[in-house]
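Here's the structure we're looking at; comments come further down.
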Protein chains: 2
Amino acid sequence: MSEALNQFKQPLLIQLETEMKRYIEQHVQEKSLRESMIYSLEAGGKRIRPLLLFVTMASFKKEVDFGAVQVASALEMIHTYSLIHDDLPAMDDDDLRRGKPTNHKVYGEALAILAGDGLLTMAFQLLSQSQLANDKKLLLIQLLAETAGSSGMVAGQVADILGEGQSLSVEELIAIHQRKTGELIRFAVLAGGILADQSQQTIADLAQLSTHLGLAFQIRDDILDVISDQSVLGKATQKDELAEKNTYPGLLGLAGAKAALASEMNQSRAIIRTLEKEQLDVTLFEELLELFSLEEKGVKK
Amino acid sequence: MSEALNQFKQPLLIQLETEMKRYIEQHVQEKSLRESMIYSLEAGGKRIRPLLLFVTMASFKKEVDFGAVQVASALEMIHTYSLIHDDLPAMDDDDLRRGKPTNHKVYGEALAILAGDGLLTMAFQLLSQSQLANDKKLLLIQLLAETAGSSGMVAGQVADILGEGQSLSVEELIAIHQRKTGELIRFAVLAGGILADQSQQTIADLAQLSTHLGLAFQIRDDILDVISDQSVLGKATQKDELAEKNTYPGLLGLAGAKAALASEMNQSRAIIRTLEKEQLDVTLFEELLELFSLEEKGVKK
């Protein structure tokens with residue numbers, strides 16, 4: 001990662017971690033619940049969704065203030081709850097996440113379900129109490145519920161589970177991932193635009209951008225599952241194939257998946273260049289795109 | 001139940017059912033997810049929380065409008081999600097709920113977890129889009145998150161699970177139930193007062209009332225578990241004892257539990273009479289209290 005993005009993100013991610021932990025410690029008295037929630041929030045991850053929100057906002061030359069950190073915290077809480085529930089034995093049954101035992105392996109299934117429920121609910125509590133104007137709070141609460149819920153991420157997870165063991169078309173696979181992973185990425189990018197007071201037209205362009213970024217992110221994830229080993233990813237690999245999951249490399253071949261990734265990246269760059277005419281500073285955004293390429297983990301292209 | 005309360009509640013509960021189903025059908029495209037969510041919402045129940053909200057609002061001579069029906073729908077979605085998750089094998093492991101197979105027995109565990117996540121998220125989506133003024137929307141979103149989340153109902157569920165097999169004091173048992181069941185009842189009563197534009201002082205009195213009602217509700221539930229059989233309750237009975245759950249009859253004896261119930265009911269009535277001086281019409285409220293007594297199910301006192 002280049003120096004500019006690194007310098008930009010370090011203080012913001014520290015604020016993010018601090019705010020998430022502060023909010024939980026302030027509101028959760030039940031010790032084991034608090035520990036279970038914090039365990040998964042602190043289990044690492046690149047905080048790609050908060051980072052997308054921060055970069056989008058800053059690219060419109062808007063200072064990333066504490067209100068934005070709170071919105072990003074709510075978003076990361078939603079993402080984290082979804083990982084906890086996805087890892088449960090009844091779902092993907094994963095023992096490892098980011099190189100650490102999954103929540104239910106440490107705290108048991110009951111507490112993992114409840115920690116997920118707690119984080120999901122807390123995201124809306126935090127948004128409702130955030131330092132934003134009331135109209136923005138409501139807009140973001142509605143957008144987060146739409147993108148995270150049963151018309152968005154939750155629906156994508158259902159479709160993914162129902163699709164296991166069946167052979168899907170590429171279109172069907174895309175439809176799953178646009179909801180399962182794409183919707184929260186859409187929230188991140190749109191929230192950045194909303195917090196930067198952008199016009200409806202720009203918000204529409206950002207929605208387009210987020211669709212390509214979301215697909216790029218998922219295709220890259222599928223490719224890494226095939227070509228990496230566990231020590232690099234910090235979770236079980238080749239697991240998709242074992243679970244008879246439909247993946248981009250599975251449907252398109254490895255070369256085809258890499259070509260699809262390149263196509264989504266190119267379309268993302270094209271939209272970013274369009275937005276440059278609308279006063280978007282593209283420096284950070286172009287650096288951020290490197291996180292979506294295969295080079296980030298030192299993997300051969 | 002008396003005629004007045006019956007006539008009051010019938011049209012409102014029909015509006016409630018209609019709105020919950022309409023909202024899900026409008027927003028959930030994924031068929032099995034939609035069915036699973038609707039299955040548990042329509043599995044019956046007395047809609048005691050929505051009813052409390054409606055009665056509180058109407059007792060202040062405020063017309064129960066569509067906005068109030070939407071708030072009650074959000075509340076019932078939260079209550080329903082909590083039942084779906086509580087019934088899971090990792091939690092209470094219940095096969096029957098209101099005389100019907102529980103969600104995971106019909107749709108499988110994965111879909112039950114996701115239907116719960118979907119209903120939880122949808123409650124906030126519905127509130128954010130409801131026909132209320134922005135300041136009321138935000139107040140109710142924050143209150144619902146606080147009462148339902150990891151400082152409220154979710155924390156109570158954690159405490160209940162951790163308390164199984166341990167011998168608790170009555171104070172500890174009360175602390176569990178004030179969160180596990182009491183907090184959503186608090187939301188119902190407070191939301192009724194907020195929607196009826198009541199003063200801070202009246203809202204504080206309503207909070208007191210809701211504490212007594214919440215405890216009465218739980219004590220009654222525990223007593224019914226001891227003295228009823230499965231055909232009456234529509235769920236497994238004597239289950240608390242088998243699970244080594246702490247209950248009021250277990251700690252106080254059956255007579256002691258009945259005395260505690262009577263005490264909570266008397267304190268509720270005393271607060272309602274105080275509120276009568278503040279223009280509260282007590283007719284519906286006093287009839288509603290019968291739902292909290294042991295006579296409702298035709299059980300001998």
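Chain lettering (A, B, ...) mirrors the order of the structure tokens, residue numbering begins at 1 for each chain separately, and ligand numbering begins at 1 in order of display.
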Residues of chain A within 9 Å of chain B, only C-alpha atoms counted, as a ChimeraX atom specification: /A:24,27-30,32-34,85-86,88-91,108-111,113-129,134-135,137-139,141-146,148-152,154-159,161
Straight-line distance linking atom CA of B:Lys61 with atom CA of B:Asp281, stated in Å to one decimal: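 Result for atom CA of B:Lys61 versus atom CA of B:Asp281: 7.2 Å, one decimal.
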As an mmCIF file with N, CA and C atoms, in the first residue's frame, please: every residue in stretch 74-207 of chain A that DSSP puts in helix (DSSP H, G or I).
data_model
loop_
_atom_site.group_PDB
_atom_site.id
_atom_site.type_symbol
_atom_site.label_atom_id
_atom_site.label_comp_id
_atom_site.auth_asym_id
_atom_site.auth_seq_id
_atom_site.Cartn_x
_atom_site.Cartn_y
_atom_site.Cartn_z
ATOM 1 N N ALA A 74 -20.736 1.545 12.886
ATOM 2 C CA ALA A 74 -21.995 0.807 12.750
ATOM 3 C C ALA A 74 -21.890 -0.198 11.598
ATOM 4 N N LEU A 75 -21.310 0.238 10.501
ATOM 5 C CA LEU A 75 -21.134 -0.635 9.335
ATOM 6 C C LEU A 75 -20.254 -1.835 9.677
ATOM 7 N N GLU A 76 -19.170 -1.611 10.382
ATOM 8 C CA GLU A 76 -18.268 -2.709 10.739
ATOM 9 C C GLU A 76 -18.921 -3.656 11.748
ATOM 10 N N MET A 77 -19.789 -3.124 12.602
ATOM 11 C CA MET A 77 -20.537 -3.995 13.525
ATOM 12 C C MET A 77 -21.464 -4.930 12.743
ATOM 13 N N ILE A 78 -22.126 -4.391 11.727
ATOM 14 C CA ILE A 78 -23.001 -5.218 10.899
ATOM 15 C C ILE A 78 -22.174 -6.288 10.178
ATOM 16 N N HIS A 79 -21.070 -5.875 9.581
ATOM 17 C CA HIS A 79 -20.209 -6.841 8.895
ATOM 18 C C HIS A 79 -19.747 -7.934 9.862
ATOM 19 N N THR A 80 -19.358 -7.531 11.064
ATOM 20 C CA THR A 80 -18.836 -8.500 12.036
ATOM 21 C C THR A 80 -19.923 -9.466 12.507
ATOM 22 N N TYR A 81 -21.134 -8.951 12.764
ATOM 23 C CA TYR A 81 -22.224 -9.853 13.150
ATOM 24 C C TYR A 81 -22.453 -10.888 12.051
ATOM 25 N N SER A 82 -22.381 -10.448 10.781
ATOM 26 C CA SER A 82 -22.664 -11.382 9.681
ATOM 27 C C SER A 82 -21.606 -12.479 9.615
ATOM 28 N N LEU A 83 -20.359 -12.133 9.938
ATOM 29 C CA LEU A 83 -19.302 -13.155 9.967
ATOM 30 C C LEU A 83 -19.555 -14.161 11.098
ATOM 31 N N ILE A 84 -19.928 -13.651 12.268
ATOM 32 C CA ILE A 84 -20.171 -14.548 13.415
ATOM 33 C C ILE A 84 -21.276 -15.545 13.071
ATOM 34 N N HIS A 85 -22.391 -15.044 12.531
ATOM 35 C CA HIS A 85 -23.494 -15.941 12.192
ATOM 36 C C HIS A 85 -23.140 -16.858 11.016
ATOM 37 N N ASP A 86 -22.422 -16.336 10.009
ATOM 38 C CA ASP A 86 -22.033 -17.178 8.865
ATOM 39 C C ASP A 86 -21.129 -18.334 9.283
ATOM 40 N N ASN A 103 -15.947 -17.173 16.678
ATOM 41 C CA ASN A 103 -16.621 -16.786 17.926
ATOM 42 C C ASN A 103 -17.229 -17.973 18.668
ATOM 43 N N HIS A 104 -17.951 -18.838 17.934
ATOM 44 C CA HIS A 104 -18.633 -19.940 18.626
ATOM 45 C C HIS A 104 -17.648 -20.998 19.125
ATOM 46 N N LYS A 105 -16.441 -21.067 18.530
ATOM 47 C CA LYS A 105 -15.440 -22.002 19.040
ATOM 48 C C LYS A 105 -14.923 -21.532 20.401
ATOM 49 N N VAL A 106 -14.929 -20.226 20.622
ATOM 50 C CA VAL A 106 -14.440 -19.675 21.886
ATOM 51 C C VAL A 106 -15.564 -19.555 22.917
ATOM 52 N N TYR A 107 -16.717 -19.039 22.496
ATOM 53 C CA TYR A 107 -17.775 -18.690 23.463
ATOM 54 C C TYR A 107 -18.975 -19.632 23.426
ATOM 55 N N GLU A 109 -22.027 -21.753 20.877
ATOM 56 C CA GLU A 109 -22.968 -21.315 19.843
ATOM 57 C C GLU A 109 -23.990 -20.303 20.348
ATOM 58 N N ALA A 110 -24.518 -20.542 21.553
ATOM 59 C CA ALA A 110 -25.579 -19.655 22.053
ATOM 60 C C ALA A 110 -25.064 -18.225 22.160
ATOM 61 N N LEU A 111 -23.894 -18.074 22.759
ATOM 62 C CA LEU A 111 -23.349 -16.731 22.933
ATOM 63 C C LEU A 111 -22.966 -16.110 21.584
ATOM 64 N N ALA A 112 -22.523 -16.934 20.645
ATOM 65 C CA ALA A 112 -22.170 -16.413 19.321
ATOM 66 C C ALA A 112 -23.409 -15.864 18.608
ATOM 67 N N ILE A 113 -24.514 -16.619 18.702
ATOM 68 C CA ILE A 113 -25.763 -16.119 18.092
ATOM 69 C C ILE A 113 -26.151 -14.790 18.732
ATOM 70 N N LEU A 114 -26.066 -14.730 20.065
ATOM 71 C CA LEU A 114 -26.499 -13.528 20.791
ATOM 72 C C LEU A 114 -25.535 -12.361 20.592
ATOM 73 N N ALA A 115 -24.235 -12.648 20.489
ATOM 74 C CA ALA A 115 -23.276 -11.571 20.214
ATOM 75 C C ALA A 115 -23.564 -10.974 18.836
ATOM 76 N N GLY A 116 -23.912 -11.840 17.883
ATOM 77 C CA GLY A 116 -24.290 -11.351 16.553
ATOM 78 C C GLY A 116 -25.534 -10.491 16.618
ATOM 79 N N ASP A 117 -26.555 -10.977 17.321
ATOM 80 C CA ASP A 117 -27.790 -10.196 17.487
ATOM 81 C C ASP A 117 -27.491 -8.848 18.154
ATOM 82 N N GLY A 118 -26.601 -8.893 19.133
ATOM 83 C CA GLY A 118 -26.240 -7.669 19.851
ATOM 84 C C GLY A 118 -25.540 -6.656 18.958
ATOM 85 N N LEU A 119 -24.587 -7.128 18.159
ATOM 86 C CA LEU A 119 -23.861 -6.218 17.260
ATOM 87 C C LEU A 119 -24.791 -5.643 16.191
ATOM 88 N N LEU A 120 -25.660 -6.493 15.658
ATOM 89 C CA LEU A 120 -26.619 -6.036 14.644
ATOM 90 C C LEU A 120 -27.503 -4.925 15.212
ATOM 91 N N THR A 121 -28.049 -5.139 16.399
ATOM 92 C CA THR A 121 -28.917 -4.138 17.021
ATOM 93 C C THR A 121 -28.148 -2.881 17.365
ATOM 94 N N MET A 122 -26.912 -3.070 17.851
ATOM 95 C CA MET A 122 -26.102 -1.932 18.271
ATOM 96 C C MET A 122 -25.778 -0.988 17.121
ATOM 97 N N ALA A 123 -25.637 -1.534 15.917
ATOM 98 C CA ALA A 123 -25.334 -0.686 14.760
ATOM 99 C C ALA A 123 -26.399 0.412 14.624
ATOM 100 N N PHE A 124 -27.656 0.050 14.835
ATOM 101 C CA PHE A 124 -28.736 1.028 14.695
ATOM 102 C C PHE A 124 -28.812 1.960 15.899
ATOM 103 N N GLN A 125 -28.464 1.416 17.060
ATOM 104 C CA GLN A 125 -28.403 2.248 18.262
ATOM 105 C C GLN A 125 -27.342 3.345 18.094
ATOM 106 N N LEU A 126 -26.171 2.932 17.625
ATOM 107 C CA LEU A 126 -25.063 3.881 17.425
ATOM 108 C C LEU A 126 -25.431 4.929 16.370
ATOM 109 N N LEU A 127 -26.018 4.499 15.258
ATOM 110 C CA LEU A 127 -26.412 5.475 14.224
ATOM 111 C C LEU A 127 -27.420 6.473 14.781
ATOM 112 N N SER A 128 -28.388 5.967 15.576
ATOM 113 C CA SER A 128 -29.432 6.859 16.078
ATOM 114 C C SER A 128 -28.873 7.883 17.066
ATOM 115 N N ASN A 134 -30.349 15.052 11.909
ATOM 116 C CA ASN A 134 -31.400 14.034 11.966
ATOM 117 C C ASN A 134 -31.737 13.436 10.596
ATOM 118 N N ASP A 135 -31.777 14.265 9.548
ATOM 119 C CA ASP A 135 -32.162 13.726 8.236
ATOM 120 C C ASP A 135 -31.101 12.753 7.726
ATOM 121 N N LYS A 136 -29.839 13.044 7.991
ATOM 122 C CA LYS A 136 -28.777 12.113 7.561
ATOM 123 C C LYS A 136 -28.803 10.818 8.375
ATOM 124 N N LYS A 137 -29.049 10.961 9.676
ATOM 125 C CA LYS A 137 -29.167 9.746 10.503
ATOM 126 C C LYS A 137 -30.225 8.816 9.922
ATOM 127 N N LEU A 138 -31.404 9.370 9.646
ATOM 128 C CA LEU A 138 -32.519 8.539 9.173
ATOM 129 C C LEU A 138 -32.232 7.941 7.807
ATOM 130 N N LEU A 139 -31.611 8.746 6.931
ATOM 131 C CA LEU A 139 -31.264 8.255 5.597
ATOM 132 C C LEU A 139 -30.296 7.070 5.722
ATOM 133 N N LEU A 140 -29.327 7.192 6.610
ATOM 134 C CA LEU A 140 -28.312 6.143 6.748
ATOM 135 C C LEU A 140 -28.863 4.919 7.484
ATOM 136 N N ILE A 141 -29.747 5.124 8.444
ATOM 137 C CA ILE A 141 -30.389 3.984 9.120
ATOM 138 C C ILE A 141 -31.189 3.178 8.106
ATOM 139 N N GLN A 142 -31.945 3.880 7.279
ATOM 140 C CA GLN A 142 -32.758 3.194 6.269
ATOM 141 C C GLN A 142 -31.868 2.461 5.259
ATOM 142 N N LEU A 143 -30.816 3.134 4.817
ATOM 143 C CA LEU A 143 -29.910 2.522 3.833
ATOM 144 C C LEU A 143 -29.186 1.314 4.425
ATOM 145 N N LEU A 144 -28.781 1.414 5.683
ATOM 146 C CA LEU A 144 -28.084 0.285 6.305
ATOM 147 C C LEU A 144 -29.025 -0.903 6.468
ATOM 148 N N ALA A 145 -30.271 -0.630 6.878
ATOM 149 C CA ALA A 145 -31.241 -1.723 7.046
ATOM 150 C C ALA A 145 -31.542 -2.377 5.694
ATOM 151 N N GLU A 146 -31.693 -1.578 4.657
ATOM 152 C CA GLU A 146 -31.978 -2.117 3.318
ATOM 153 C C GLU A 146 -30.831 -2.978 2.803
ATOM 154 N N THR A 147 -29.615 -2.468 2.956
ATOM 155 C CA THR A 147 -28.469 -3.176 2.384
ATOM 156 C C THR A 147 -28.084 -4.392 3.231
ATOM 157 N N ALA A 148 -28.288 -4.317 4.556
ATOM 158 C CA ALA A 148 -27.869 -5.425 5.426
ATOM 159 C C ALA A 148 -28.937 -6.495 5.572
ATOM 160 N N MET A 153 -28.018 -8.150 2.204
ATOM 161 C CA MET A 153 -27.025 -9.150 2.617
ATOM 162 C C MET A 153 -27.645 -10.451 3.122
ATOM 163 N N VAL A 154 -28.672 -10.360 3.960
ATOM 164 C CA VAL A 154 -29.291 -11.577 4.509
ATOM 165 C C VAL A 154 -29.900 -12.417 3.381
ATOM 166 N N ALA A 155 -30.541 -11.753 2.406
ATOM 167 C CA ALA A 155 -31.101 -12.474 1.265
ATOM 168 C C ALA A 155 -29.985 -13.148 0.457
ATOM 169 N N GLY A 156 -28.858 -12.471 0.305
ATOM 170 C CA GLY A 156 -27.720 -13.052 -0.418
ATOM 171 C C GLY A 156 -27.186 -14.287 0.277
ATOM 172 N N GLN A 157 -27.163 -14.238 1.587
ATOM 173 C CA GLN A 157 -26.688 -15.393 2.352
ATOM 174 C C GLN A 157 -27.647 -16.580 2.193
ATOM 175 N N VAL A 158 -28.948 -16.301 2.208
ATOM 176 C CA VAL A 158 -29.935 -17.360 1.975
ATOM 177 C C VAL A 158 -29.734 -17.971 0.589
ATOM 178 N N ALA A 159 -29.601 -17.115 -0.422
ATOM 179 C CA ALA A 159 -29.428 -17.599 -1.795
ATOM 180 C C ALA A 159 -28.141 -18.418 -1.925
ATOM 181 N N ASP A 160 -27.105 -17.993 -1.233
ATOM 182 C CA ASP A 160 -25.832 -18.706 -1.269
ATOM 183 C C ASP A 160 -25.993 -20.113 -0.684
ATOM 184 N N ILE A 161 -26.662 -20.201 0.453
ATOM 185 C CA ILE A 161 -26.873 -21.507 1.101
ATOM 186 C C ILE A 161 -27.737 -22.413 0.222
ATOM 187 N N LEU A 162 -28.806 -21.849 -0.334
ATOM 188 C CA LEU A 162 -29.692 -22.655 -1.170
ATOM 189 C C LEU A 162 -29.003 -23.082 -2.463
ATOM 190 N N GLY A 163 -27.996 -22.317 -2.908
ATOM 191 C CA GLY A 163 -27.295 -22.617 -4.158
ATOM 192 C C GLY A 163 -26.213 -23.680 -4.021
ATOM 193 N N VAL A 170 -23.321 -17.990 -14.270
ATOM 194 C CA VAL A 170 -22.558 -16.834 -13.792
ATOM 195 C C VAL A 170 -23.510 -15.729 -13.339
ATOM 196 N N GLU A 171 -24.604 -15.554 -14.080
ATOM 197 C CA GLU A 171 -25.585 -14.507 -13.721
ATOM 198 C C GLU A 171 -26.166 -14.779 -12.322
ATOM 199 N N GLU A 172 -26.473 -16.049 -12.056
ATOM 200 C CA GLU A 172 -27.021 -16.379 -10.736
ATOM 201 C C GLU A 172 -25.985 -16.151 -9.637
ATOM 202 N N LEU A 173 -24.742 -16.505 -9.942
ATOM 203 C CA LEU A 173 -23.672 -16.296 -8.964
ATOM 204 C C LEU A 173 -23.500 -14.807 -8.664
ATOM 205 N N ILE A 174 -23.538 -14.001 -9.736
ATOM 206 C CA ILE A 174 -23.419 -12.550 -9.554
ATOM 207 C C ILE A 174 -24.578 -12.027 -8.703
ATOM 208 N N ALA A 175 -25.783 -12.538 -8.971
ATOM 209 C CA ALA A 175 -26.960 -12.078 -8.216
ATOM 210 C C ALA A 175 -26.819 -12.399 -6.730
ATOM 211 N N ILE A 176 -26.195 -13.525 -6.414
ATOM 212 C CA ILE A 176 -25.958 -13.869 -5.008
ATOM 213 C C ILE A 176 -24.970 -12.896 -4.379
ATOM 214 N N HIS A 177 -23.840 -12.701 -5.073
ATOM 215 C CA HIS A 177 -22.782 -11.910 -4.445
ATOM 216 C C HIS A 177 -23.076 -10.425 -4.417
ATOM 217 N N GLN A 178 -23.882 -9.956 -5.373
ATOM 218 C CA GLN A 178 -24.255 -8.539 -5.318
ATOM 219 C C GLN A 178 -25.002 -8.252 -4.026
ATOM 220 N N ARG A 179 -25.703 -9.262 -3.497
ATOM 221 C CA ARG A 179 -26.375 -9.048 -2.222
ATOM 222 C C ARG A 179 -25.485 -9.449 -1.043
ATOM 223 N N LYS A 180 -24.878 -10.625 -1.138
ATOM 224 C CA LYS A 180 -24.153 -11.147 0.025
ATOM 225 C C LYS A 180 -22.964 -10.262 0.435
ATOM 226 N N GLY A 182 -21.914 -7.487 -1.920
ATOM 227 C CA GLY A 182 -21.991 -6.214 -2.634
ATOM 228 C C GLY A 182 -22.780 -5.142 -1.898
ATOM 229 N N GLU A 183 -23.824 -5.541 -1.188
ATOM 230 C CA GLU A 183 -24.719 -4.545 -0.595
ATOM 231 C C GLU A 183 -24.047 -3.723 0.511
ATOM 232 N N LEU A 184 -23.232 -4.349 1.331
ATOM 233 C CA LEU A 184 -22.561 -3.567 2.389
ATOM 234 C C LEU A 184 -21.486 -2.659 1.792
ATOM 235 N N ILE A 185 -20.883 -3.108 0.679
ATOM 236 C CA ILE A 185 -19.920 -2.251 -0.017
ATOM 237 C C ILE A 185 -20.656 -1.059 -0.632
ATOM 238 N N ARG A 186 -21.864 -1.321 -1.119
ATOM 239 C CA ARG A 186 -22.694 -0.224 -1.626
ATOM 240 C C ARG A 186 -22.996 0.777 -0.510
ATOM 241 N N PHE A 187 -23.338 0.238 0.668
ATOM 242 C CA PHE A 187 -23.587 1.154 1.791
ATOM 243 C C PHE A 187 -22.363 2.020 2.063
ATOM 244 N N ALA A 188 -21.180 1.387 2.090
ATOM 245 C CA ALA A 188 -19.951 2.115 2.425
ATOM 246 C C ALA A 188 -19.725 3.285 1.467
ATOM 247 N N VAL A 189 -19.851 3.002 0.174
ATOM 248 C CA VAL A 189 -19.557 4.029 -0.831
ATOM 249 C C VAL A 189 -20.649 5.113 -0.826
ATOM 250 N N LEU A 190 -21.912 4.686 -0.750
ATOM 251 C CA LEU A 190 -23.010 5.662 -0.743
ATOM 252 C C LEU A 190 -22.981 6.522 0.520
ATOM 253 N N ALA A 191 -22.697 5.901 1.661
ATOM 254 C CA ALA A 191 -22.622 6.675 2.903
ATOM 255 C C ALA A 191 -21.525 7.723 2.802
ATOM 256 N N GLY A 192 -20.404 7.355 2.186
ATOM 257 C CA GLY A 192 -19.331 8.333 1.977
ATOM 258 C C GLY A 192 -19.817 9.516 1.146
ATOM 259 N N GLY A 193 -20.581 9.240 0.097
ATOM 260 C CA GLY A 193 -21.129 10.309 -0.748
ATOM 261 C C GLY A 193 -22.180 11.139 -0.014
ATOM 262 N N ILE A 194 -23.020 10.482 0.752
ATOM 263 C CA ILE A 194 -24.071 11.186 1.508
ATOM 264 C C ILE A 194 -23.445 12.093 2.570
ATOM 265 N N LEU A 195 -22.439 11.561 3.266
ATOM 266 C CA LEU A 195 -21.765 12.359 4.301
ATOM 267 C C LEU A 195 -21.007 13.533 3.683
ATOM 268 N N GLN A 200 -27.688 13.881 -6.161
ATOM 269 C CA GLN A 200 -28.328 12.618 -6.548
ATOM 270 C C GLN A 200 -27.573 11.943 -7.689
ATOM 271 N N GLN A 201 -27.126 12.751 -8.672
ATOM 272 C CA GLN A 201 -26.425 12.187 -9.830
ATOM 273 C C GLN A 201 -25.109 11.531 -9.394
ATOM 274 N N THR A 202 -24.385 12.217 -8.553
ATOM 275 C CA THR A 202 -23.117 11.656 -8.076
ATOM 276 C C THR A 202 -23.362 10.403 -7.248
ATOM 277 N N ILE A 203 -24.410 10.430 -6.419
ATOM 278 C CA ILE A 203 -24.756 9.248 -5.612
ATOM 279 C C ILE A 203 -25.076 8.063 -6.550
ATOM 280 N N ALA A 204 -25.761 8.353 -7.663
ATOM 281 C CA ALA A 204 -26.069 7.293 -8.635
ATOM 282 C C ALA A 204 -24.782 6.731 -9.255
ATOM 283 N N ASP A 205 -23.839 7.627 -9.579
ATOM 284 C CA ASP A 205 -22.542 7.165 -10.103
ATOM 285 C C ASP A 205 -21.808 6.313 -9.067
ATOM 286 N N LEU A 206 -21.894 6.739 -7.819
ATOM 287 C CA LEU A 206 -21.230 5.987 -6.745
ATOM 288 C C LEU A 206 -21.862 4.603 -6.592
ATOM 289 N N ALA A 207 -23.172 4.522 -6.798
ATOM 290 C CA ALA A 207 -23.844 3.219 -6.711
ATOM 291 C C ALA A 207 -23.298 2.280 -7.789
#
Expressed in Å, the length from atom CA of A:Ala259 to atom CA of A:Leu291 is 16.9 Å
Which residue, B:Phe60, B:Tyr39, B:Tyr23, B:Phe292, has the smallest gap to B:Gly214 when you use only C-alpha atoms?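 Distance minimum relative to B:Gly214 lands on B:Phe292.
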Å distance separating atom CA of B:Lys9 from atom CA of B:Thr181, one decimal place: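 Distance between the two atoms: 22.1 Å.
Across A:Leu252, A:Leu168, A:Ile219, A:Leu209, the tightest approach to A:Ser268 is made by A:Leu209 when counting only C-alpha atoms.
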Residue with smallest distance to B:Glu63 - pool B:Leu12, B:Glu286, B:Gln166, B:Ala257, counting only C-alpha atoms: B:Leu12
So that I can check the surroundings of stretch 282-285 of chain A, please list as a list in words every protein, DNA and RNA residue that reaches within 10 Å of it, counting only C-alpha atoms and ignoring chain neighbours fewer than 2 positions away.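 Listed by chain and then number, they are Ser2, Ala4, Leu5, Asn6, Phe8, Lys9, Leu52, Phe54, Val55, Thr56, Ala58, Ser59, Phe60, Arg269, Ile272, Arg273, Leu275, Glu276, Gln279, Leu280, Glu287, Leu288, Leu289 and Glu290 of chain A.
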